[in-house]
>>> print(open('coords.pdb').read())   # PDB, C-alpha atoms and all ligand atoms
ATOM      1  CA  MET D   1     -10.298  13.498 -18.106
ATOM      2  CA  ILE D   2      -8.418  12.235 -21.181
ATOM      3  CA  LYS D   3      -7.832  15.862 -22.189
ATOM      4  CA  GLN D   4      -6.295  16.519 -18.779
ATOM      5  CA  LEU D   5      -4.046  13.448 -18.981
ATOM      6  CA  MET D   6      -2.970  14.414 -22.491
ATOM      7  CA  SER D   7      -1.892  17.871 -21.340
ATOM      8  CA  HIS D   8       0.274  16.594 -18.445
ATOM      9  CA  ARG D   9       3.661  18.153 -17.956
ATOM     10  CA  THR D  10       5.960  17.971 -14.936
ATOM     11  CA  ILE D  11       6.103  21.303 -13.087
ATOM     12  CA  ARG D  12       9.359  22.213 -11.342
ATOM     13  CA  LYS D  13       8.723  25.900 -10.533
ATOM     14  CA  TYR D  14       6.010  26.963  -8.126
ATOM     15  CA  LYS D  15       4.460  30.247  -7.034
ATOM     16  CA  ASN D  16       5.102  31.298  -3.470
ATOM     17  CA  ILE D  17       1.498  30.534  -2.515
ATOM     18  CA  PRO D  18       0.564  27.773  -0.064
ATOM     19  CA  VAL D  19      -1.651  24.847  -0.974
ATOM     20  CA  GLY D  20      -4.735  25.111   1.250
ATOM     21  CA  GLU D  21      -5.572  22.391   3.759
ATOM     22  CA  GLU D  22      -8.944  21.712   2.157
ATOM     23  CA  ILE D  23      -7.590  21.171  -1.337
ATOM     24  CA  LEU D  24      -4.778  19.025   0.057
ATOM     25  CA  ARG D  25      -7.254  16.782   1.860
ATOM     26  CA  GLU D  26      -9.361  16.568  -1.275
ATOM     27  CA  ILE D  27      -6.511  15.403  -3.490
ATOM     28  CA  LEU D  28      -5.291  12.961  -0.837
ATOM     29  CA  GLU D  29      -8.794  11.489  -0.393
ATOM     30  CA  ALA D  30      -9.033  11.116  -4.174
ATOM     31  CA  GLY D  31      -5.551   9.565  -4.231
ATOM     32  CA  CYS D  32      -6.571   7.006  -1.631
ATOM     33  CA  ARG D  33      -9.459   5.812  -3.806
ATOM     34  CA  ALA D  34      -6.807   4.015  -5.881
ATOM     35  CA  SER D  35      -7.149   0.249  -5.978
ATOM     36  CA  THR D  36      -4.748  -1.585  -3.696
ATOM     37  CA  THR D  37      -3.828  -5.211  -3.167
ATOM     38  CA  GLY D  38      -6.630  -6.848  -1.165
ATOM     39  CA  ASN D  39      -7.653  -3.316  -0.180
ATOM     40  CA  MET D  40      -4.889  -3.512   2.430
ATOM     41  CA  GLN D  41      -3.725   0.056   1.677
ATOM     42  CA  LEU D  42      -0.105  -0.717   2.369
ATOM     43  CA  TYR D  43       1.106   2.870   2.335
ATOM     44  CA  SER D  44       1.608   6.040   4.311
ATOM     45  CA  ILE D  45       2.041   9.581   3.029
ATOM     46  CA  ILE D  46       4.279  11.996   4.939
ATOM     47  CA  ILE D  47       3.325  15.648   4.400
ATOM     48  CA  THR D  48       6.182  18.142   4.663
ATOM     49  CA  ARG D  49       5.373  21.844   4.745
ATOM     50  CA  ASP D  50       7.878  22.941   7.391
ATOM     51  CA  VAL D  51      10.836  24.817   5.866
ATOM     52  CA  ALA D  52      13.319  23.405   8.378
ATOM     53  CA  ARG D  53      12.240  19.828   7.538
ATOM     54  CA  LYS D  54      12.449  20.626   3.805
ATOM     55  CA  LYS D  55      15.995  21.853   4.391
ATOM     56  CA  GLU D  56      16.802  18.477   5.917
ATOM     57  CA  LEU D  57      15.220  16.647   2.994
ATOM     58  CA  ALA D  58      16.711  18.781   0.190
ATOM     59  CA  PRO D  59      20.276  17.342   0.279
ATOM     60  CA  LEU D  60      18.797  13.840   0.394
ATOM     61  CA  HIS D  61      17.247  14.677  -2.982
ATOM     62  CA  PHE D  62      20.620  15.955  -4.212
ATOM     63  CA  ASN D  63      19.487  19.556  -3.667
ATOM     64  CA  GLN D  64      16.931  19.473  -6.439
ATOM     65  CA  PRO D  65      15.463  22.980  -6.066
ATOM     66  CA  MET D  66      11.826  21.812  -6.091
ATOM     67  CA  VAL D  67      12.118  20.518  -2.524
ATOM     68  CA  LEU D  68      12.609  24.021  -1.111
ATOM     69  CA  ASN D  69      10.676  25.803  -3.836
ATOM     70  CA  ALA D  70       7.439  23.781  -3.511
ATOM     71  CA  PRO D  71       5.001  24.604  -0.704
ATOM     72  CA  LEU D  72       4.286  20.925  -0.294
ATOM     73  CA  VAL D  73       6.476  17.837  -0.331
ATOM     74  CA  LEU D  74       4.751  14.459  -0.059
ATOM     75  CA  THR D  75       6.798  11.346   0.630
ATOM     76  CA  PHE D  76       4.944   8.193  -0.363
ATOM     77  CA  CYS D  77       5.995   5.160   1.667
ATOM     78  CA  ALA D  78       5.394   1.448   1.337
ATOM     79  CA  ASP D  79       4.033   0.629   4.791
ATOM     80  CA  PHE D  80       3.485  -2.769   6.376
ATOM     81  CA  ASN D  81       3.961  -1.401   9.905
ATOM     82  CA  ARG D  82       0.308  -0.371  10.315
ATOM     83  CA  PHE D  83      -1.091  -3.561   8.781
ATOM     84  CA  ASN D  84       1.231  -5.810  10.832
ATOM     85  CA  LYS D  85       0.059  -4.077  14.035
ATOM     86  CA  TRP D  86      -3.541  -4.690  13.075
ATOM     87  CA  CYS D  87      -2.779  -8.359  12.385
ATOM     88  CA  LYS D  88      -1.154  -8.771  15.809
ATOM     89  CA  LEU D  89      -4.097  -7.106  17.554
ATOM     90  CA  GLY D  90      -6.299  -9.669  15.825
ATOM     91  CA  LYS D  91      -4.040 -12.480  17.086
ATOM     92  CA  ALA D  92      -2.986 -13.084  13.470
ATOM     93  CA  GLU D  93       0.651 -13.773  12.569
ATOM     94  CA  PRO D  94       1.775 -11.460   9.734
ATOM     95  CA  GLY D  95       3.965 -13.102   7.102
ATOM     96  CA  TYR D  96       5.034  -9.940   5.361
ATOM     97  CA  ASP D  97       8.735  -9.680   6.186
ATOM     98  CA  ASN D  98       9.771 -10.546   2.654
ATOM     99  CA  PHE D  99      10.656  -8.990  -0.684
ATOM    100  CA  LEU D 100       7.343  -9.867  -2.335
ATOM    101  CA  SER D 101       5.503  -7.949   0.381
ATOM    102  CA  PHE D 102       7.706  -4.893  -0.222
ATOM    103  CA  VAL D 103       6.928  -5.028  -3.950
ATOM    104  CA  THR D 104       3.212  -5.364  -3.153
ATOM    105  CA  ALA D 105       3.296  -2.298  -0.898
ATOM    106  CA  ALA D 106       5.443  -0.373  -3.415
ATOM    107  CA  ILE D 107       2.896  -1.062  -6.151
ATOM    108  CA  ASP D 108       0.068   0.100  -3.862
ATOM    109  CA  VAL D 109       1.798   3.347  -2.967
ATOM    110  CA  LEU D 110       2.748   4.208  -6.547
ATOM    111  CA  LEU D 111      -0.855   3.838  -7.648
ATOM    112  CA  VAL D 112      -1.848   6.250  -4.895
ATOM    113  CA  ALA D 113       0.909   8.709  -5.847
ATOM    114  CA  GLN D 114      -0.261   8.770  -9.450
ATOM    115  CA  ASN D 115      -3.898   9.219  -8.358
ATOM    116  CA  VAL D 116      -2.772  12.155  -6.194
ATOM    117  CA  THR D 117      -0.902  13.554  -9.199
ATOM    118  CA  ILE D 118      -3.969  13.382 -11.410
ATOM    119  CA  ALA D 119      -6.209  14.849  -8.701
ATOM    120  CA  ALA D 120      -3.725  17.679  -8.060
ATOM    121  CA  GLU D 121      -3.435  18.471 -11.756
ATOM    122  CA  SER D 122      -7.213  18.498 -12.073
ATOM    123  CA  GLU D 123      -7.221  21.303  -9.483
ATOM    124  CA  GLY D 124      -4.627  23.276 -11.459
ATOM    125  CA  LEU D 125      -1.698  22.298  -9.244
ATOM    126  CA  GLY D 126       1.671  21.258 -10.674
ATOM    127  CA  VAL D 127       3.593  18.192  -9.596
ATOM    128  CA  CYS D 128       7.090  16.736  -9.891
ATOM    129  CA  TYR D 129       8.083  13.203  -8.872
ATOM    130  CA  LEU D 130      11.466  12.775  -7.180
ATOM    131  CA  GLY D 131      13.099   9.489  -8.117
ATOM    132  CA  THR D 132      15.908  10.337  -5.716
ATOM    133  CA  THR D 133      13.693   9.022  -2.889
ATOM    134  CA  THR D 134      15.072   5.501  -3.226
ATOM    135  CA  TYR D 135      18.730   6.598  -3.532
ATOM    136  CA  LEU D 136      19.278   7.793   0.028
ATOM    137  CA  ALA D 137      16.193   6.112   1.488
ATOM    138  CA  ASP D 138      18.065   5.307   4.718
ATOM    139  CA  LYS D 139      18.601   9.009   5.420
ATOM    140  CA  ILE D 140      15.026   9.926   4.490
ATOM    141  CA  ILE D 141      13.919   7.215   6.934
ATOM    142  CA  ASP D 142      15.883   9.011   9.687
ATOM    143  CA  VAL D 143      14.544  12.494   8.868
ATOM    144  CA  LEU D 144      10.917  11.336   8.627
ATOM    145  CA  LYS D 145      11.272   8.912  11.564
ATOM    146  CA  LEU D 146       9.947   5.945   9.586
ATOM    147  CA  PRO D 147       9.684   2.779  11.704
ATOM    148  CA  LYS D 148      10.557  -0.776  10.632
ATOM    149  CA  GLY D 149       8.191  -1.966   7.911
ATOM    150  CA  VAL D 150       8.101   1.454   6.231
ATOM    151  CA  ILE D 151      10.215   2.474   3.210
ATOM    152  CA  PRO D 152       9.974   5.708   1.200
ATOM    153  CA  VAL D 153       9.267   4.847  -2.435
ATOM    154  CA  THR D 154       8.622   8.139  -4.171
ATOM    155  CA  THR D 155       8.161  11.834  -3.467
ATOM    156  CA  LEU D 156       5.949  14.470  -5.056
ATOM    157  CA  THR D 157       6.636  18.190  -4.877
ATOM    158  CA  ILE D 158       3.361  20.037  -5.339
ATOM    159  CA  GLY D 159       2.445  23.694  -5.791
ATOM    160  CA  TRP D 160       0.796  26.291  -7.967
ATOM    161  CA  PRO D 161       2.657  26.319 -11.309
ATOM    162  CA  ASP D 162       4.992  29.195 -12.042
ATOM    163  CA  GLU D 163       5.935  27.848 -15.473
ATOM    164  CA  HIS D 164       4.236  26.265 -18.450
ATOM    165  CA  PRO D 165       6.922  24.128 -20.067
ATOM    166  CA  GLU D 166       6.531  22.582 -23.485
ATOM    167  CA  GLN D 167       5.283  19.039 -23.353
ATOM    168  CA  ILE D 168       8.050  16.551 -23.847
ATOM    169  CA  ASP D 169       8.092  13.624 -26.237
ATOM    170  CA  ARG D 170       6.744  10.136 -25.828
ATOM    171  CA  LEU D 171       7.610   7.098 -27.870
ATOM    172  CA  PRO D 172       4.976   6.371 -30.511
ATOM    173  CA  LEU D 173       2.306   3.976 -29.284
ATOM    174  CA  GLU D 174       3.502   1.424 -31.849
ATOM    175  CA  ALA D 175       6.742   1.193 -29.856
ATOM    176  CA  ILE D 176       4.869   0.289 -26.709
ATOM    177  CA  ILE D 177       2.074  -2.056 -27.683
ATOM    178  CA  HIS D 178       2.316  -5.689 -28.712
ATOM    179  CA  ASP D 179      -0.545  -7.532 -30.290
ATOM    180  CA  GLU D 180      -1.332 -10.682 -28.248
ATOM    181  CA  SER D 181       2.314 -11.576 -27.572
ATOM    182  CA  TYR D 182       5.652  -9.764 -27.359
ATOM    183  CA  ARG D 183       7.257  -9.136 -30.721
ATOM    184  CA  ASP D 184      10.923  -8.241 -30.264
ATOM    185  CA  TYR D 185      12.363  -5.175 -31.987
ATOM    186  CA  THR D 186      14.630  -5.010 -34.999
ATOM    187  CA  ASN D 187      17.461  -2.468 -34.950
ATOM    188  CA  GLU D 188      15.636  -0.515 -37.633
ATOM    189  CA  GLU D 189      12.511  -0.302 -35.471
ATOM    190  CA  ILE D 190      14.500   0.821 -32.443
ATOM    191  CA  SER D 191      16.222   3.555 -34.480
ATOM    192  CA  SER D 192      12.938   4.698 -35.909
ATOM    193  CA  PHE D 193      11.081   4.714 -32.547
ATOM    194  CA  TYR D 194      13.815   6.715 -30.770
ATOM    195  CA  LYS D 195      14.474   9.094 -33.685
ATOM    196  CA  GLY D 196      11.998  11.709 -32.443
ATOM    197  CA  LYS D 197      13.646  11.791 -29.009
ATOM    198  CA  GLU D 198      17.161  11.894 -30.480
ATOM    199  CA  ASN D 199      16.323  14.739 -32.828
ATOM    200  CA  ARG D 200      14.836  17.038 -30.197
ATOM    201  CA  GLU D 201      16.848  20.236 -30.119
ATOM    202  CA  ASP D 202      17.531  20.068 -26.377
ATOM    203  CA  ASN D 203      18.706  16.465 -26.639
ATOM    204  CA  LEU D 204      21.017  17.236 -29.580
ATOM    205  CA  LYS D 205      22.490  20.043 -27.495
ATOM    206  CA  PHE D 206      22.891  17.728 -24.511
ATOM    207  CA  VAL D 207      24.834  15.224 -26.647
ATOM    208  CA  ALA D 208      27.082  17.926 -28.163
ATOM    209  CA  GLU D 209      27.776  19.695 -24.860
ATOM    210  CA  ASN D 210      28.838  16.457 -23.239
ATOM    211  CA  ASN D 211      30.978  15.328 -26.161
ATOM    212  CA  LYS D 212      28.962  12.153 -26.564
ATOM    213  CA  GLU D 213      28.266  10.167 -29.702
ATOM    214  CA  SER D 214      24.621   9.490 -28.956
ATOM    215  CA  LEU D 215      21.733  10.343 -26.664
ATOM    216  CA  ALA D 216      21.924   6.803 -25.305
ATOM    217  CA  GLN D 217      25.449   7.587 -24.056
ATOM    218  CA  VAL D 218      24.068  10.580 -22.196
ATOM    219  CA  PHE D 219      21.829   8.166 -20.281
ATOM    220  CA  THR D 220      24.453   5.468 -19.683
ATOM    221  CA  ASP D 221      27.507   7.676 -19.060
ATOM    222  CA  ILE D 222      26.022  10.756 -17.392
ATOM    223  CA  ARG D 223      22.450  10.528 -16.160
ATOM    224  CA  TYR D 224      22.069   6.953 -14.925
ATOM    225  CA  LYS D 225      25.545   5.436 -14.612
ATOM    226  CA  LYS D 226      26.201   1.785 -13.827
ATOM    227  CA  GLY D 227      28.502   2.597 -10.884
ATOM    228  CA  ASP D 228      25.872   4.825  -9.266
ATOM    229  CA  ASN D 229      23.137   2.298  -9.953
ATOM    230  CA  ILE D 230      25.096  -0.489  -8.288
ATOM    231  CA  ALA D 231      26.040   1.660  -5.289
ATOM    232  CA  PHE D 232      22.476   2.913  -4.699
ATOM    233  CA  SER D 233      21.108  -0.550  -5.386
ATOM    234  CA  ASN D 234      23.325  -2.051  -2.668
ATOM    235  CA  ARG D 235      22.294   0.733  -0.326
ATOM    236  CA  LEU D 236      18.605   0.050  -1.021
ATOM    237  CA  LEU D 237      19.108  -3.667  -0.394
ATOM    238  CA  GLY D 238      20.494  -2.669   3.020
ATOM    239  CA  VAL D 239      17.408  -0.540   3.653
ATOM    240  CA  LEU D 240      15.134  -3.451   2.719
ATOM    241  CA  LYS D 241      16.995  -5.634   5.211
ATOM    242  CA  ASP D 242      16.957  -3.025   7.992
ATOM    243  CA  GLN D 243      13.255  -2.353   7.488
ATOM    244  CA  GLY D 244      12.456  -6.073   7.616
ATOM    245  CA  PHE D 245      11.695  -7.025   4.027
ATOM    246  CA  MET D 246      14.453  -9.532   3.232
ATOM    247  CA  ASN D 247      12.799 -12.822   4.096
ATOM    248  CA  GLN D 248      13.945 -12.581   7.726
TER
HETATM  249  C1  LIG F 301       9.326   7.845 -10.699
HETATM  250  C2  LIG F 301       9.735   9.177 -11.274
HETATM  251  C3  LIG F 301      10.856   9.808 -10.798
HETATM  252  C4  LIG F 301      11.205  11.074 -11.268
HETATM  253  N1  LIG F 301      12.261  11.733 -10.702
HETATM  254  C5  LIG F 301      12.529  13.010 -11.055
HETATM  255  C6  LIG F 301      13.521  13.742 -10.382
HETATM  256  O1  LIG F 301      14.181  13.244  -9.460
HETATM  257  N2  LIG F 301      13.735  15.027 -10.762
HETATM  258  C7  LIG F 301      13.024  15.615 -11.770
HETATM  259  O2  LIG F 301      13.261  16.800 -12.062
HETATM  260  N3  LIG F 301      12.048  14.933 -12.434
HETATM  261  C8  LIG F 301      11.785  13.658 -12.091
HETATM  262  N4  LIG F 301      10.771  12.965 -12.715
HETATM  263  C9  LIG F 301      10.014  13.607 -13.780
HETATM  264  C10 LIG F 301      10.428  13.049 -15.136
HETATM  265  O3  LIG F 301      11.672  13.575 -15.503
HETATM  266  C11 LIG F 301       9.349  13.406 -16.157
HETATM  267  O4  LIG F 301       8.135  12.804 -15.771
HETATM  268  C12 LIG F 301       9.714  12.929 -17.548
HETATM  269  O5  LIG F 301      10.858  13.588 -18.007
HETATM  270  C13 LIG F 301       8.564  13.189 -18.520
HETATM  271  O6  LIG F 301       8.200  14.551 -18.470
HETATM  272  P1  LIG F 301       6.695  15.001 -18.222
HETATM  273  O7  LIG F 301       6.282  14.444 -16.907
HETATM  274  O8  LIG F 301       6.739  16.519 -18.213
HETATM  275  O9  LIG F 301       5.901  14.475 -19.349
HETATM  276  C14 LIG F 301      10.439  11.697 -12.292
HETATM  277  C15 LIG F 301       9.307  11.020 -12.782
HETATM  278  C16 LIG F 301       8.958   9.786 -12.278
HETATM  279  C17 LIG F 301       7.714   9.116 -12.784
END
>>> encode(input="coords.pdb", output="structure tokens", more="lines below")
Ligand SMILES: Cc1cc2nc3c(=O)[nH]c(=O)nc-3n(C[C@H](O)[C@H](O)[C@H](O)COP(=O)(O)O)c2cc1C
Amino acid sequence: MIKQLMSHRTIRKYKNIPVGEEILREILEAGCRASTTGNMQLYSIIITRDVARKKELAPLHFNQPMVLNAPLVLTFCADFNRFNKWCKLGKAEPGYDNFLSFVTAAIDVLLVAQNVTIAAESEGLGVCYLGTTTYLADKIIDVLKLPKGVIPVTTLTIGWPDEHPEQIDRLPLEAIIHDESYRDYTNEEISSFYKGKENREDNLKFVAENNKESLAQVFTDIRYKKGDNIAFSNRLLGVLKDQGFMNQ
């Protein structure tokens, strides 16, 4: 298992071969063995195989090619709708229309998504997460007909790999772990921890091509810009309100 985790790489190109129903069920069952808060299982998974539906979803993921290229697109949603209905049937008053409850459900669903990822990879499938899910969540809600209480949190494209990319870097473990309590970083430590990433050939090229002074500027000025973050953040706050998670 550790060997499998250590050889993980995101797969963005897939063979034109479907993922069988049996294997799909198997990886979803394994995914749903993930621990969840109070075993409430506050999530739903929307399976998209239909090409027409994928064509509707693709622009909502900024036309990332994996959406059309992958045989399978799974949208993982935080879901209090089902649990609230069960509460009401049991003459119980649900108190889950608040931000904490959304975070709880989002944590649950991400654990499931990662379990599905590991299960899929163990069967030789390749997987790519789509972080774009939370950017235009309101539109994904329309396409997938998600009711109040349900918010898409992440998406996985899944298929049989048609590439074997080089593994990409990770920060050294020393950058991540803290013994007993948090020890803040010196500038020297930060420079040393990020040196490997900065000196990767593709990253050096990225910096040069974009006329930037540093890799950090590629992140702040090109990939994840403040203006975009604020705009999508405001949009997501609207989604949280519309779907009933803002302490209403
Ligand atoms: C929450 C999340 C969102 C991601 N979103 C995207 C995405 O929208 N498009 C993409 O090509 N890769 C996406 N990725 C994949 C990351 O780019 C990738 O995991 C990271 O660069 C490390 O590469 P590796 O998974 O091959 O080790 C995402 C990964 C995560 C965990």
>>> closest_residue(input="coords.pdb", among="D:Ser214, D:Asn84, D:Ser7, D:Asn187", to="ligand LIG 301 (chain F)", atoms="only C-alpha atoms and all ligand atoms")
D:Ser7
>>> resolve_selection(input="coords.pdb", expression="the PyMOL selection byres (((not hetatm)) within 9 of (chain F and resi 301))", output="PDB file with C-alpha atoms, in the frame of the given file")
ATOM      1  CA  SER D   7      -1.892  17.871 -21.340  1.00  0.00           C
ATOM      2  CA  HIS D   8       0.274  16.594 -18.445  1.00  0.00           C
ATOM      3  CA  ARG D   9       3.661  18.153 -17.956  1.00  0.00           C
ATOM      4  CA  THR D  10       5.960  17.971 -14.936  1.00  0.00           C
ATOM      5  CA  ILE D  11       6.103  21.303 -13.087  1.00  0.00           C
ATOM      6  CA  ARG D  12       9.359  22.213 -11.342  1.00  0.00           C
ATOM      7  CA  HIS D  61      17.247  14.677  -2.982  1.00  0.00           C
ATOM      8  CA  PHE D  62      20.620  15.955  -4.212  1.00  0.00           C
ATOM      9  CA  GLN D  64      16.931  19.473  -6.439  1.00  0.00           C
ATOM     10  CA  PRO D  65      15.463  22.980  -6.066  1.00  0.00           C
ATOM     11  CA  MET D  66      11.826  21.812  -6.091  1.00  0.00           C
ATOM     12  CA  LEU D 110       2.748   4.208  -6.547  1.00  0.00           C
ATOM     13  CA  GLN D 114      -0.261   8.770  -9.450  1.00  0.00           C
ATOM     14  CA  VAL D 127       3.593  18.192  -9.596  1.00  0.00           C
ATOM     15  CA  CYS D 128       7.090  16.736  -9.891  1.00  0.00           C
ATOM     16  CA  TYR D 129       8.083  13.203  -8.872  1.00  0.00           C
ATOM     17  CA  LEU D 130      11.466  12.775  -7.180  1.00  0.00           C
ATOM     18  CA  GLY D 131      13.099   9.489  -8.117  1.00  0.00           C
ATOM     19  CA  THR D 132      15.908  10.337  -5.716  1.00  0.00           C
ATOM     20  CA  THR D 133      13.693   9.022  -2.889  1.00  0.00           C
ATOM     21  CA  VAL D 153       9.267   4.847  -2.435  1.00  0.00           C
ATOM     22  CA  THR D 154       8.622   8.139  -4.171  1.00  0.00           C
ATOM     23  CA  THR D 155       8.161  11.834  -3.467  1.00  0.00           C
ATOM     24  CA  LEU D 156       5.949  14.470  -5.056  1.00  0.00           C
ATOM     25  CA  PRO D 165       6.922  24.128 -20.067  1.00  0.00           C
ATOM     26  CA  GLU D 166       6.531  22.582 -23.485  1.00  0.00           C
ATOM     27  CA  GLN D 167       5.283  19.039 -23.353  1.00  0.00           C
ATOM     28  CA  ILE D 168       8.050  16.551 -23.847  1.00  0.00           C
ATOM     29  CA  ASP D 169       8.092  13.624 -26.237  1.00  0.00           C
ATOM     30  CA  ARG D 170       6.744  10.136 -25.828  1.00  0.00           C
TER      31      ARG D 170
END
>>> residues_around(input="coords.pdb", residues="Ala120 (chain D)", least_positions_apart="5", cutoff="8 Å", atoms="all atoms listed in the file", output="ChimeraX atom specification")
/D:27,125-127,158
>>> atom_distance(input="coords.pdb", atom1="CA of Ala137 (chain D)", atom2="CA of Ile151 (chain D)")
7.2 Å
>>> atom_distance(input="coords.pdb", atom1="CA of Ala105 (chain D)", atom2="CA of Tyr43 (chain D)")
6.5 Å
>>> atom_distance(input="coords.pdb", atom1="CA of Leu136 (chain D)", atom2="CA of Cys77 (chain D)")
13.6 Å
>>> resolve_selection(input="coords.pdb", expression="the PyMOL selection byres (((chain D and resi 72) around 7) and not hetatm)", output="PyMOL selection string")
chain D and resi 48-49+70-71+73-74+157-159
>>> closest_residue(input="coords.pdb", among="D:Val51, D:Val150, D:Leu100, D:Ala34", to="Ala113 (chain D)", atoms="all atoms listed in the file")
D:Ala34
>>> residues_around(input="coords.pdb", residues="Leu111 (chain D)", least_positions_apart="2", cutoff="9 Å", atoms="only C-alpha atoms", output="PDB file with C-alpha atoms, keeping the file's coordinate frame")
ATOM      1  CA  GLY D  31      -5.551   9.565  -4.231  1.00  0.00           C
ATOM      2  CA  CYS D  32      -6.571   7.006  -1.631  1.00  0.00           C
ATOM      3  CA  ALA D  34      -6.807   4.015  -5.881  1.00  0.00           C
ATOM      4  CA  SER D  35      -7.149   0.249  -5.978  1.00  0.00           C
ATOM      5  CA  THR D  36      -4.748  -1.585  -3.696  1.00  0.00           C
ATOM      6  CA  ALA D 106       5.443  -0.373  -3.415  1.00  0.00           C
ATOM      7  CA  ILE D 107       2.896  -1.062  -6.151  1.00  0.00           C
ATOM      8  CA  ASP D 108       0.068   0.100  -3.862  1.00  0.00           C
ATOM      9  CA  VAL D 109       1.798   3.347  -2.967  1.00  0.00           C
ATOM     10  CA  ALA D 113       0.909   8.709  -5.847  1.00  0.00           C
ATOM     11  CA  GLN D 114      -0.261   8.770  -9.450  1.00  0.00           C
ATOM     12  CA  ASN D 115      -3.898   9.219  -8.358  1.00  0.00           C
ATOM     13  CA  VAL D 116      -2.772  12.155  -6.194  1.00  0.00           C
TER      14      VAL D 116
END
>>> resolve_selection(input="coords.pdb", expression="the PyMOL selection byres (((chain D and resi 240-245) around 12) and not hetatm)", output="PyMOL selection string")
chain D and resi 77-81+84+95-106+134+137-138+141-142+146-153+233-239+246-248
>>> closest_residue(input="coords.pdb", among="D:Asn63, D:Asn69, D:Thr75, D:Gln41", to="Asp162 (chain D)", atoms="all atoms listed in the file")
D:Asn69
>>> closest_residue(input="coords.pdb", among="D:Glu93, D:Glu29, D:Glu213, D:Glu201", to="Val112 (chain D)", atoms="only C-alpha atoms")
D:Glu29
>>> decode(input="coords.pdb", residues="region 175-186 of chain D", atoms="N, CA and C atoms", output="PDB file, in the first residue's frame")
ATOM      1  N   ALA D 175      10.123  20.096   6.170  1.00  0.00           N
ATOM      2  CA  ALA D 175       9.385  21.354   5.980  1.00  0.00           C
ATOM      3  C   ALA D 175       7.968  21.248   6.520  1.00  0.00           C
ATOM      4  N   ILE D 176       7.506  20.043   6.679  1.00  0.00           N
ATOM      5  CA  ILE D 176       6.092  19.813   6.989  1.00  0.00           C
ATOM      6  C   ILE D 176       5.869  19.527   8.471  1.00  0.00           C
ATOM      7  N   ILE D 177       6.798  18.806   9.065  1.00  0.00           N
ATOM      8  CA  ILE D 177       6.547  18.308  10.423  1.00  0.00           C
ATOM      9  C   ILE D 177       7.112  19.262  11.487  1.00  0.00           C
ATOM     10  N   HIS D 178       6.436  19.275  12.597  1.00  0.00           N
ATOM     11  CA  HIS D 178       6.851  20.098  13.743  1.00  0.00           C
ATOM     12  C   HIS D 178       6.826  19.197  14.966  1.00  0.00           C
ATOM     13  N   ASP D 179       7.885  19.247  15.714  1.00  0.00           N
ATOM     14  CA  ASP D 179       7.994  18.367  16.869  1.00  0.00           C
ATOM     15  C   ASP D 179       7.267  18.987  18.068  1.00  0.00           C
ATOM     16  N   GLU D 180       6.147  18.408  18.433  1.00  0.00           N
ATOM     17  CA  GLU D 180       5.364  18.815  19.625  1.00  0.00           C
ATOM     18  C   GLU D 180       4.631  20.142  19.476  1.00  0.00           C
ATOM     19  N   SER D 181       5.303  21.190  18.994  1.00  0.00           N
ATOM     20  CA  SER D 181       4.583  22.450  18.771  1.00  0.00           C
ATOM     21  C   SER D 181       5.160  23.117  17.528  1.00  0.00           C
ATOM     22  N   TYR D 182       4.400  24.083  16.997  1.00  0.00           N
ATOM     23  CA  TYR D 182       4.780  24.719  15.725  1.00  0.00           C
ATOM     24  C   TYR D 182       6.038  25.567  15.927  1.00  0.00           C
ATOM     25  N   ARG D 183       7.011  25.323  15.070  1.00  0.00           N
ATOM     26  CA  ARG D 183       8.224  26.145  15.112  1.00  0.00           C
ATOM     27  C   ARG D 183       8.235  26.945  13.813  1.00  0.00           C
ATOM     28  N   ASP D 184       8.134  28.271  13.922  1.00  0.00           N
ATOM     29  CA  ASP D 184       8.008  29.074  12.700  1.00  0.00           C
ATOM     30  C   ASP D 184       9.323  29.069  11.911  1.00  0.00           C
ATOM     31  N   TYR D 185       9.206  29.395  10.616  1.00  0.00           N
ATOM     32  CA  TYR D 185      10.318  29.233   9.686  1.00  0.00           C
ATOM     33  C   TYR D 185      11.174  30.489   9.596  1.00  0.00           C
ATOM     34  N   THR D 186      12.470  30.297   9.481  1.00  0.00           N
ATOM     35  CA  THR D 186      13.339  31.429   9.145  1.00  0.00           C
ATOM     36  C   THR D 186      13.324  31.585   7.627  1.00  0.00           C
TER      37      THR D 186
END
